[in-house]
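The file coords_20.cif contains mmCIF, N, CA and C atoms:
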data_data
loop_
_atom_site.label_atom_id
_atom_site.label_comp_id
_atom_site.auth_asym_id
_atom_site.auth_seq_id
_atom_site.Cartn_x
_atom_site.Cartn_y
_atom_site.Cartn_z
N MET A 94 147.28 160.34 84.19
CA MET A 94 147.58 160.75 82.84
C MET A 94 146.81 159.93 81.82
N GLN A 95 146.61 158.65 82.09
CA GLN A 95 145.90 157.79 81.15
C GLN A 95 144.45 158.23 81.00
N ILE A 96 143.84 158.71 82.08
CA ILE A 96 142.46 159.21 82.00
C ILE A 96 142.38 160.37 81.02
N THR A 97 143.35 161.27 81.09
CA THR A 97 143.40 162.42 80.18
C THR A 97 143.59 161.95 78.75
N LYS A 98 144.51 161.02 78.53
CA LYS A 98 144.75 160.50 77.18
C LYS A 98 143.49 159.83 76.62
N ASN A 99 142.81 159.06 77.45
CA ASN A 99 141.57 158.40 77.03
C ASN A 99 140.50 159.42 76.65
N TYR A 100 140.38 160.50 77.44
CA TYR A 100 139.41 161.55 77.16
C TYR A 100 139.71 162.23 75.83
N ILE A 101 140.98 162.54 75.61
CA ILE A 101 141.39 163.18 74.35
C ILE A 101 141.07 162.27 73.18
N GLU A 102 141.41 161.01 73.29
CA GLU A 102 141.16 160.07 72.20
C GLU A 102 139.67 159.91 71.93
N ALA A 103 138.87 159.83 72.99
CA ALA A 103 137.43 159.66 72.84
C ALA A 103 136.76 160.89 72.22
N ASN A 104 137.36 162.05 72.39
CA ASN A 104 136.77 163.30 71.91
C ASN A 104 137.54 163.92 70.75
N LYS A 105 138.48 163.17 70.19
CA LYS A 105 139.38 163.70 69.16
C LYS A 105 138.63 164.30 67.97
N GLU A 106 137.63 163.62 67.46
CA GLU A 106 136.90 164.12 66.29
C GLU A 106 136.19 165.44 66.61
N ARG A 107 135.61 165.53 67.77
CA ARG A 107 134.93 166.78 68.17
C ARG A 107 135.95 167.91 68.29
N PHE A 108 137.08 167.62 68.93
CA PHE A 108 138.13 168.64 69.08
C PHE A 108 138.61 169.14 67.72
N LEU A 109 138.84 168.21 66.79
CA LEU A 109 139.29 168.60 65.46
C LEU A 109 138.24 169.44 64.74
N GLU A 110 136.98 169.04 64.83
CA GLU A 110 135.92 169.80 64.16
C GLU A 110 135.78 171.19 64.75
N GLU A 111 135.91 171.32 66.06
CA GLU A 111 135.85 172.65 66.69
C GLU A 111 137.02 173.51 66.20
N LEU A 112 138.21 172.94 66.17
CA LEU A 112 139.39 173.67 65.69
C LEU A 112 139.22 174.06 64.23
N PHE A 113 138.83 173.11 63.39
CA PHE A 113 138.68 173.38 61.97
C PHE A 113 137.58 174.41 61.73
N GLY A 114 136.51 174.39 62.52
CA GLY A 114 135.46 175.39 62.39
C GLY A 114 136.00 176.79 62.62
N LEU A 115 136.87 176.93 63.60
CA LEU A 115 137.49 178.23 63.86
C LEU A 115 138.45 178.62 62.74
N ILE A 116 139.22 177.67 62.26
CA ILE A 116 140.19 177.96 61.20
C ILE A 116 139.49 178.38 59.91
N ARG A 117 138.30 177.84 59.68
CA ARG A 117 137.58 178.17 58.44
C ARG A 117 137.08 179.61 58.41
N ILE A 118 137.00 180.28 59.54
CA ILE A 118 136.57 181.68 59.55
C ILE A 118 137.74 182.53 59.06
N PRO A 119 137.55 183.28 57.98
CA PRO A 119 138.67 184.07 57.44
C PRO A 119 138.92 185.34 58.27
N SER A 120 139.37 185.14 59.48
CA SER A 120 139.59 186.25 60.42
C SER A 120 140.96 186.88 60.17
N ILE A 121 141.06 187.59 59.06
CA ILE A 121 142.31 188.23 58.65
C ILE A 121 142.29 189.65 59.20
N SER A 122 142.97 189.85 60.30
CA SER A 122 142.89 191.13 61.02
C SER A 122 143.49 192.30 60.26
N SER A 123 144.41 192.02 59.35
CA SER A 123 145.08 193.10 58.63
C SER A 123 144.27 193.62 57.44
N GLU A 124 143.14 193.00 57.15
CA GLU A 124 142.31 193.43 56.03
C GLU A 124 140.95 193.87 56.56
N SER A 125 140.64 195.15 56.38
CA SER A 125 139.40 195.71 56.94
C SER A 125 138.15 195.02 56.41
N ALA A 126 138.22 194.46 55.22
CA ALA A 126 137.06 193.74 54.66
C ALA A 126 136.68 192.55 55.52
N HIS A 127 137.60 192.07 56.35
CA HIS A 127 137.34 190.90 57.20
C HIS A 127 136.94 191.27 58.63
N LYS A 128 136.63 192.54 58.87
CA LYS A 128 136.19 192.97 60.21
C LYS A 128 135.00 192.14 60.70
N PRO A 129 133.96 191.90 59.86
CA PRO A 129 132.85 191.06 60.33
C PRO A 129 133.29 189.63 60.68
N ASP A 130 134.28 189.12 59.96
CA ASP A 130 134.81 187.79 60.27
C ASP A 130 135.54 187.78 61.60
N MET A 131 136.25 188.87 61.90
CA MET A 131 136.94 188.99 63.19
C MET A 131 135.92 188.97 64.33
N ILE A 132 134.82 189.68 64.15
CA ILE A 132 133.77 189.72 65.17
C ILE A 132 133.13 188.34 65.30
N ARG A 133 132.86 187.69 64.17
CA ARG A 133 132.26 186.35 64.21
C ARG A 133 133.18 185.35 64.89
N CYS A 134 134.48 185.44 64.62
CA CYS A 134 135.44 184.54 65.24
C CYS A 134 135.53 184.80 66.75
N ALA A 135 135.51 186.07 67.14
CA ALA A 135 135.53 186.41 68.57
C ALA A 135 134.30 185.84 69.26
N GLU A 136 133.14 185.93 68.63
CA GLU A 136 131.91 185.37 69.21
C GLU A 136 132.01 183.85 69.33
N CYS A 137 132.62 183.21 68.33
CA CYS A 137 132.81 181.75 68.40
C CYS A 137 133.69 181.38 69.59
N TRP A 138 134.79 182.15 69.80
CA TRP A 138 135.66 181.88 70.94
C TRP A 138 134.91 182.07 72.25
N ARG A 139 134.08 183.11 72.32
CA ARG A 139 133.28 183.35 73.52
C ARG A 139 132.39 182.14 73.82
N GLU A 140 131.76 181.61 72.79
CA GLU A 140 130.91 180.43 72.96
C GLU A 140 131.72 179.20 73.39
N HIS A 141 132.90 179.03 72.82
CA HIS A 141 133.76 177.90 73.21
C HIS A 141 134.17 178.02 74.68
N LEU A 142 134.48 179.23 75.12
CA LEU A 142 134.84 179.42 76.53
C LEU A 142 133.67 179.06 77.44
N LEU A 143 132.46 179.47 77.07
CA LEU A 143 131.28 179.12 77.88
C LEU A 143 131.08 177.61 77.94
N LYS A 144 131.18 176.96 76.78
CA LYS A 144 131.03 175.50 76.73
C LYS A 144 132.10 174.78 77.53
N ALA A 145 133.28 175.40 77.63
CA ALA A 145 134.39 174.80 78.37
C ALA A 145 134.25 175.01 79.88
N GLY A 146 133.27 175.80 80.29
CA GLY A 146 133.03 175.96 81.73
C GLY A 146 133.31 177.33 82.30
N ALA A 147 133.60 178.31 81.45
CA ALA A 147 133.82 179.66 81.97
C ALA A 147 132.53 180.17 82.60
N ASP A 148 132.66 180.91 83.69
CA ASP A 148 131.50 181.49 84.37
C ASP A 148 131.02 182.75 83.67
N LYS A 149 131.94 183.46 83.06
CA LYS A 149 131.64 184.73 82.43
C LYS A 149 132.50 184.87 81.18
N THR A 150 131.88 185.30 80.09
CA THR A 150 132.64 185.59 78.87
C THR A 150 132.09 186.87 78.26
N GLU A 151 132.94 187.55 77.52
CA GLU A 151 132.52 188.80 76.91
C GLU A 151 133.40 189.10 75.70
N VAL A 152 132.79 189.60 74.65
CA VAL A 152 133.53 190.13 73.51
C VAL A 152 133.54 191.63 73.70
N MET A 153 134.74 192.19 73.82
CA MET A 153 134.90 193.61 74.11
C MET A 153 135.41 194.34 72.87
N PRO A 154 134.64 195.31 72.39
CA PRO A 154 135.11 196.08 71.23
C PRO A 154 136.30 196.95 71.59
N THR A 155 137.16 197.18 70.61
CA THR A 155 138.30 198.08 70.77
C THR A 155 138.35 198.96 69.52
N GLU A 156 139.32 199.85 69.45
CA GLU A 156 139.48 200.65 68.23
C GLU A 156 139.87 199.76 67.05
N GLY A 157 140.50 198.66 67.34
CA GLY A 157 140.86 197.69 66.30
C GLY A 157 139.86 196.56 66.30
N ASN A 158 140.36 195.36 66.52
CA ASN A 158 139.49 194.19 66.57
C ASN A 158 139.12 193.88 68.02
N PRO A 159 137.99 193.18 68.20
CA PRO A 159 137.54 192.91 69.57
C PRO A 159 138.47 191.95 70.30
N ILE A 160 138.44 192.04 71.61
CA ILE A 160 139.13 191.06 72.44
C ILE A 160 138.08 190.17 73.08
N VAL A 161 138.48 188.97 73.42
CA VAL A 161 137.58 188.01 74.04
C VAL A 161 138.07 187.79 75.47
N TYR A 162 137.16 187.96 76.40
CA TYR A 162 137.49 187.80 77.82
C TYR A 162 136.64 186.68 78.39
N GLY A 163 137.26 185.86 79.20
CA GLY A 163 136.53 184.82 79.90
C GLY A 163 137.14 184.60 81.26
N GLU A 164 136.31 184.20 82.21
CA GLU A 164 136.85 183.92 83.54
C GLU A 164 136.15 182.73 84.17
N LYS A 165 136.91 182.07 85.01
CA LYS A 165 136.42 180.95 85.81
C LYS A 165 137.08 181.10 87.17
N ILE A 166 136.32 181.51 88.15
CA ILE A 166 136.87 181.69 89.48
C ILE A 166 136.44 180.50 90.33
N ILE A 167 137.42 179.71 90.71
CA ILE A 167 137.16 178.54 91.56
C ILE A 167 137.23 178.96 93.01
N ASP A 168 138.23 179.75 93.35
CA ASP A 168 138.42 180.28 94.70
C ASP A 168 139.18 181.60 94.57
N PRO A 169 138.57 182.72 94.98
CA PRO A 169 139.23 184.02 94.84
C PRO A 169 140.57 184.11 95.57
N LYS A 170 140.83 183.20 96.48
CA LYS A 170 142.10 183.21 97.21
C LYS A 170 143.23 182.57 96.41
N LEU A 171 142.88 181.82 95.39
CA LEU A 171 143.90 181.16 94.57
C LEU A 171 144.52 182.14 93.59
N PRO A 172 145.74 181.86 93.12
CA PRO A 172 146.39 182.74 92.14
C PRO A 172 145.58 182.81 90.84
N THR A 173 145.77 183.88 90.11
CA THR A 173 145.13 184.08 88.81
C THR A 173 146.02 183.52 87.72
N VAL A 174 145.39 182.86 86.74
CA VAL A 174 146.10 182.36 85.57
C VAL A 174 145.57 183.13 84.38
N LEU A 175 146.48 183.69 83.58
CA LEU A 175 146.10 184.44 82.39
C LEU A 175 146.54 183.65 81.17
N VAL A 176 145.61 183.49 80.23
CA VAL A 176 145.93 182.84 78.96
C VAL A 176 145.70 183.89 77.88
N TYR A 177 146.70 184.08 77.03
CA TYR A 177 146.64 185.08 75.98
C TYR A 177 146.89 184.40 74.64
N GLY A 178 146.13 184.76 73.65
CA GLY A 178 146.36 184.19 72.33
C GLY A 178 145.74 185.04 71.25
N HIS A 179 146.04 184.73 70.01
CA HIS A 179 145.49 185.43 68.86
C HIS A 179 144.45 184.55 68.20
N TYR A 180 143.41 185.17 67.65
CA TYR A 180 142.41 184.40 66.92
C TYR A 180 142.33 184.83 65.46
N ASP A 181 143.34 185.54 65.00
CA ASP A 181 143.36 185.96 63.61
C ASP A 181 144.33 185.09 62.81
N VAL A 182 144.18 185.17 61.49
CA VAL A 182 145.09 184.44 60.60
C VAL A 182 145.83 185.44 59.73
N MET A 183 146.89 184.98 59.11
CA MET A 183 147.68 185.83 58.22
C MET A 183 147.09 185.76 56.82
N PRO A 184 147.16 186.87 56.07
CA PRO A 184 146.71 186.80 54.68
C PRO A 184 147.61 185.88 53.88
N ALA A 185 147.08 185.29 52.86
CA ALA A 185 147.85 184.33 52.05
C ALA A 185 149.11 184.94 51.49
N SER A 186 149.09 186.21 51.14
CA SER A 186 150.26 186.83 50.52
C SER A 186 151.47 186.82 51.44
N THR A 187 151.26 186.75 52.75
CA THR A 187 152.37 186.71 53.70
C THR A 187 153.19 185.44 53.53
N CYS A 188 152.53 184.36 53.23
CA CYS A 188 153.22 183.08 53.09
C CYS A 188 153.56 182.77 51.64
N GLY A 189 152.98 183.51 50.72
CA GLY A 189 153.23 183.25 49.31
C GLY A 189 152.50 182.03 48.80
N THR A 190 151.48 181.58 49.52
CA THR A 190 150.70 180.42 49.11
C THR A 190 149.23 180.77 49.19
N PRO A 191 148.38 180.01 48.52
CA PRO A 191 146.94 180.27 48.60
C PRO A 191 146.45 180.16 50.04
N THR A 192 145.39 180.89 50.34
CA THR A 192 144.80 180.82 51.68
C THR A 192 144.29 179.42 51.94
N ARG A 193 144.60 178.89 53.11
CA ARG A 193 144.14 177.56 53.48
C ARG A 193 143.21 177.70 54.66
N LEU A 194 141.94 177.91 54.37
CA LEU A 194 140.94 178.00 55.43
C LEU A 194 140.03 176.78 55.39
N SER A 195 140.45 175.76 54.67
CA SER A 195 139.74 174.49 54.63
C SER A 195 140.72 173.41 55.08
N PRO A 196 140.94 173.32 56.39
CA PRO A 196 141.94 172.38 56.90
C PRO A 196 141.53 170.94 56.73
N SER A 197 142.54 170.08 56.77
CA SER A 197 142.31 168.65 56.76
C SER A 197 143.36 168.01 57.63
N SER A 198 143.07 166.83 58.12
CA SER A 198 144.04 166.11 58.94
C SER A 198 145.03 165.41 58.03
N ARG A 199 146.29 165.53 58.39
CA ARG A 199 147.35 164.82 57.68
C ARG A 199 148.21 164.15 58.73
N THR A 200 148.80 163.06 58.38
CA THR A 200 149.71 162.40 59.30
C THR A 200 151.10 162.40 58.70
N ALA A 201 152.04 162.94 59.44
CA ALA A 201 153.44 162.93 59.03
C ALA A 201 154.16 161.90 59.90
N ARG A 202 155.44 161.74 59.65
CA ARG A 202 156.21 160.78 60.41
C ARG A 202 156.14 161.06 61.91
N SER A 203 156.10 162.34 62.27
CA SER A 203 156.08 162.69 63.69
C SER A 203 154.67 162.85 64.24
N GLY A 204 153.64 162.59 63.43
CA GLY A 204 152.27 162.72 63.90
C GLY A 204 151.50 163.74 63.09
N PRO A 205 150.31 164.13 63.55
CA PRO A 205 149.51 165.09 62.81
C PRO A 205 150.26 166.42 62.63
N VAL A 206 150.01 167.07 61.51
CA VAL A 206 150.65 168.35 61.21
C VAL A 206 149.57 169.42 61.14
N ALA A 207 149.85 170.55 61.75
CA ALA A 207 148.89 171.67 61.74
C ALA A 207 148.81 172.25 60.34
N PRO A 208 147.64 172.77 59.94
CA PRO A 208 147.53 173.42 58.64
C PRO A 208 148.45 174.64 58.56
N THR A 209 148.76 175.07 57.35
CA THR A 209 149.68 176.17 57.15
C THR A 209 149.18 177.46 57.81
N THR A 210 147.90 177.77 57.64
CA THR A 210 147.32 178.98 58.22
C THR A 210 146.46 178.56 59.41
N THR A 211 146.87 178.91 60.61
CA THR A 211 146.11 178.50 61.79
C THR A 211 145.88 179.69 62.70
N LYS A 212 144.98 179.51 63.64
CA LYS A 212 144.72 180.53 64.64
C LYS A 212 145.81 180.52 65.70
N ALA A 213 146.47 179.40 65.88
CA ALA A 213 147.42 179.27 66.99
C ALA A 213 148.86 179.51 66.59
N SER A 214 149.12 179.61 65.31
CA SER A 214 150.51 179.72 64.87
C SER A 214 150.65 180.79 63.82
N ARG A 215 151.74 181.52 63.88
CA ARG A 215 152.03 182.54 62.87
C ARG A 215 153.06 182.01 61.86
N SER A 216 153.36 180.74 61.90
CA SER A 216 154.36 180.17 61.00
C SER A 216 153.75 179.90 59.64
N CYS A 217 154.54 180.03 58.60
CA CYS A 217 154.08 179.70 57.26
C CYS A 217 154.40 178.26 56.90
N MET A 218 155.10 177.57 57.76
CA MET A 218 155.46 176.18 57.50
C MET A 218 154.68 175.27 58.44
N PRO A 219 154.27 174.08 57.95
CA PRO A 219 153.60 173.13 58.84
C PRO A 219 154.52 172.76 59.99
N ARG A 220 153.93 172.57 61.14
CA ARG A 220 154.71 172.21 62.34
C ARG A 220 154.16 170.92 62.92
N PRO A 221 155.03 169.97 63.24
CA PRO A 221 154.56 168.74 63.86
C PRO A 221 153.89 169.05 65.19
N SER A 222 152.85 168.28 65.49
CA SER A 222 152.19 168.47 66.79
C SER A 222 153.05 167.83 67.88
N ARG A 223 152.79 168.25 69.09
CA ARG A 223 153.52 167.69 70.23
C ARG A 223 152.88 166.36 70.65
N PRO A 224 153.67 165.36 70.95
CA PRO A 224 153.11 164.08 71.40
C PRO A 224 152.76 164.12 72.87
N TRP A 225 151.55 164.49 73.22
CA TRP A 225 151.13 164.61 74.62
C TRP A 225 151.03 163.24 75.16
#
Could you spell out this file's structure in structure tokens?
Amino acid sequence: MQITKNYIEANKERFLEELFGLIRIPSISSESAHKPDMIRCAECWREHLLKAGADKTEVMPTEGNPIVYGEKIIDPKLPTVLVYGHYDVMPASTCGTPTRLSPSSRTARSGPVAPTTTKASRSCMPRPSRPW
């Protein structure tokens, strides 16, 4: 576990910049004007999957917004793991606050707090991060 913690700490700034780069893309799926942003964000995720070691990645168009597919097969006999997530953000009007697509790191009593508008959360309130 300490090796993992050391790796995270050594790469923390890179991880944050990658996350913030994704958050800065105004991928608001409910607004058709942001369709190009949705495609750009999907392409960014595809690139991140490749950099993370995926053997195959693809952005697949749909009637709505594209989906991002990636795979890494270590042994076809092993079970399959599926990871599902959203890469869009909510429009500012949903939260009643200005759009926050320029994240910054903040430290709260319980540790870093995620920005109000994120790719990983649909909450309008900041949420403390988990202490891994």
field: Pairwise distance for atom CA of A:Glu110 and atom N of A:His141, rounded to one decimal in Å
entry: 13.0 Å
- request: Output the residue selection produced by the PyMOL selection byres ((chain A and resi 156-169) around 6.5) on the file above, formatted as a list in words.
  value: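 Output of the PyMOL selection byres ((chain A and resi 156-169) around 6.5): Met131, Ile132, Ala135, Arg139, Gly146, Ala147, Asp148, Lys149, Thr150, Glu151, Val152, Met153, Pro154, Thr155, Lys170, Leu171 and Pro172 of chain A.
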task: Mind listing the strand (DSSP E or B) residues of stretch 99-185 of chain A, per DSSP on the backbone, as a list of chain:residue names?
output: A:Ile121, A:Lys149, A:Thr150, A:Glu151, A:Val152, A:Met153, A:Ile160, A:Val161, A:Tyr162, A:Gly163, A:Glu164, A:Val182
query: In terms of the shortest atom-to-atom distance over only N, CA and C atoms, which of A:Glu140, A:Lys128, A:Tyr100, A:Tyr180 is closest to A:Leu115?
result: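 So, comparing all the options, the nearest one is A:Tyr180.
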- request: Provide the atom N of A:Arg107 to atom CA of A:Ile121 distance in Å, to one decimal place.
  value: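 Computing the Euclidean distance for atom N of A:Arg107 and atom CA of A:Ile121 yields 25.4 Å.
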Gap from atom N of A:Pro129 to atom CA of A:Asp181 - Å, one decimal: 11.7 Å
field: DSSP helix (DSSP H, G or I) residues within stretch 135-179 of chain A, as a ChimeraX atom specification
entry: /A:135-144
Given the selection you just returned, output its residues as a file containing N, CA and C atoms, formatted as a PDB file, in the coordinates of the input.
ATOM      1  N   ALA A 135     135.510 186.070  67.140  1.00  0.00           N
ATOM      2  CA  ALA A 135     135.530 186.410  68.570  1.00  0.00           C
ATOM      3  C   ALA A 135     134.300 185.840  69.260  1.00  0.00           C
ATOM      4  N   GLU A 136     133.140 185.930  68.630  1.00  0.00           N
ATOM      5  CA  GLU A 136     131.910 185.370  69.210  1.00  0.00           C
ATOM      6  C   GLU A 136     132.010 183.850  69.330  1.00  0.00           C
ATOM      7  N   CYS A 137     132.620 183.210  68.330  1.00  0.00           N
ATOM      8  CA  CYS A 137     132.810 181.750  68.400  1.00  0.00           C
ATOM      9  C   CYS A 137     133.690 181.380  69.590  1.00  0.00           C
ATOM     10  N   TRP A 138     134.790 182.150  69.800  1.00  0.00           N
ATOM     11  CA  TRP A 138     135.660 181.880  70.940  1.00  0.00           C
ATOM     12  C   TRP A 138     134.910 182.070  72.250  1.00  0.00           C
ATOM     13  N   ARG A 139     134.080 183.110  72.320  1.00  0.00           N
ATOM     14  CA  ARG A 139     133.280 183.350  73.520  1.00  0.00           C
ATOM     15  C   ARG A 139     132.390 182.140  73.820  1.00  0.00           C
ATOM     16  N   GLU A 140     131.760 181.610  72.790  1.00  0.00           N
ATOM     17  CA  GLU A 140     130.910 180.430  72.960  1.00  0.00           C
ATOM     18  C   GLU A 140     131.720 179.200  73.390  1.00  0.00           C
ATOM     19  N   HIS A 141     132.900 179.030  72.820  1.00  0.00           N
ATOM     20  CA  HIS A 141     133.760 177.900  73.210  1.00  0.00           C
ATOM     21  C   HIS A 141     134.170 178.020  74.680  1.00  0.00           C
ATOM     22  N   LEU A 142     134.480 179.230  75.120  1.00  0.00           N
ATOM     23  CA  LEU A 142     134.840 179.420  76.530  1.00  0.00           C
ATOM     24  C   LEU A 142     133.670 179.060  77.440  1.00  0.00           C
ATOM     25  N   LEU A 143     132.460 179.470  77.070  1.00  0.00           N
ATOM     26  CA  LEU A 143     131.280 179.120  77.880  1.00  0.00           C
ATOM     27  C   LEU A 143     131.080 177.610  77.940  1.00  0.00           C
ATOM     28  N   LYS A 144     131.180 176.960  76.780  1.00  0.00           N
ATOM     29  CA  LYS A 144     131.030 175.500  76.730  1.00  0.00           C
ATOM     30  C   LYS A 144     132.100 174.780  77.530  1.00  0.00           C
TER      31      LYS A 144
END
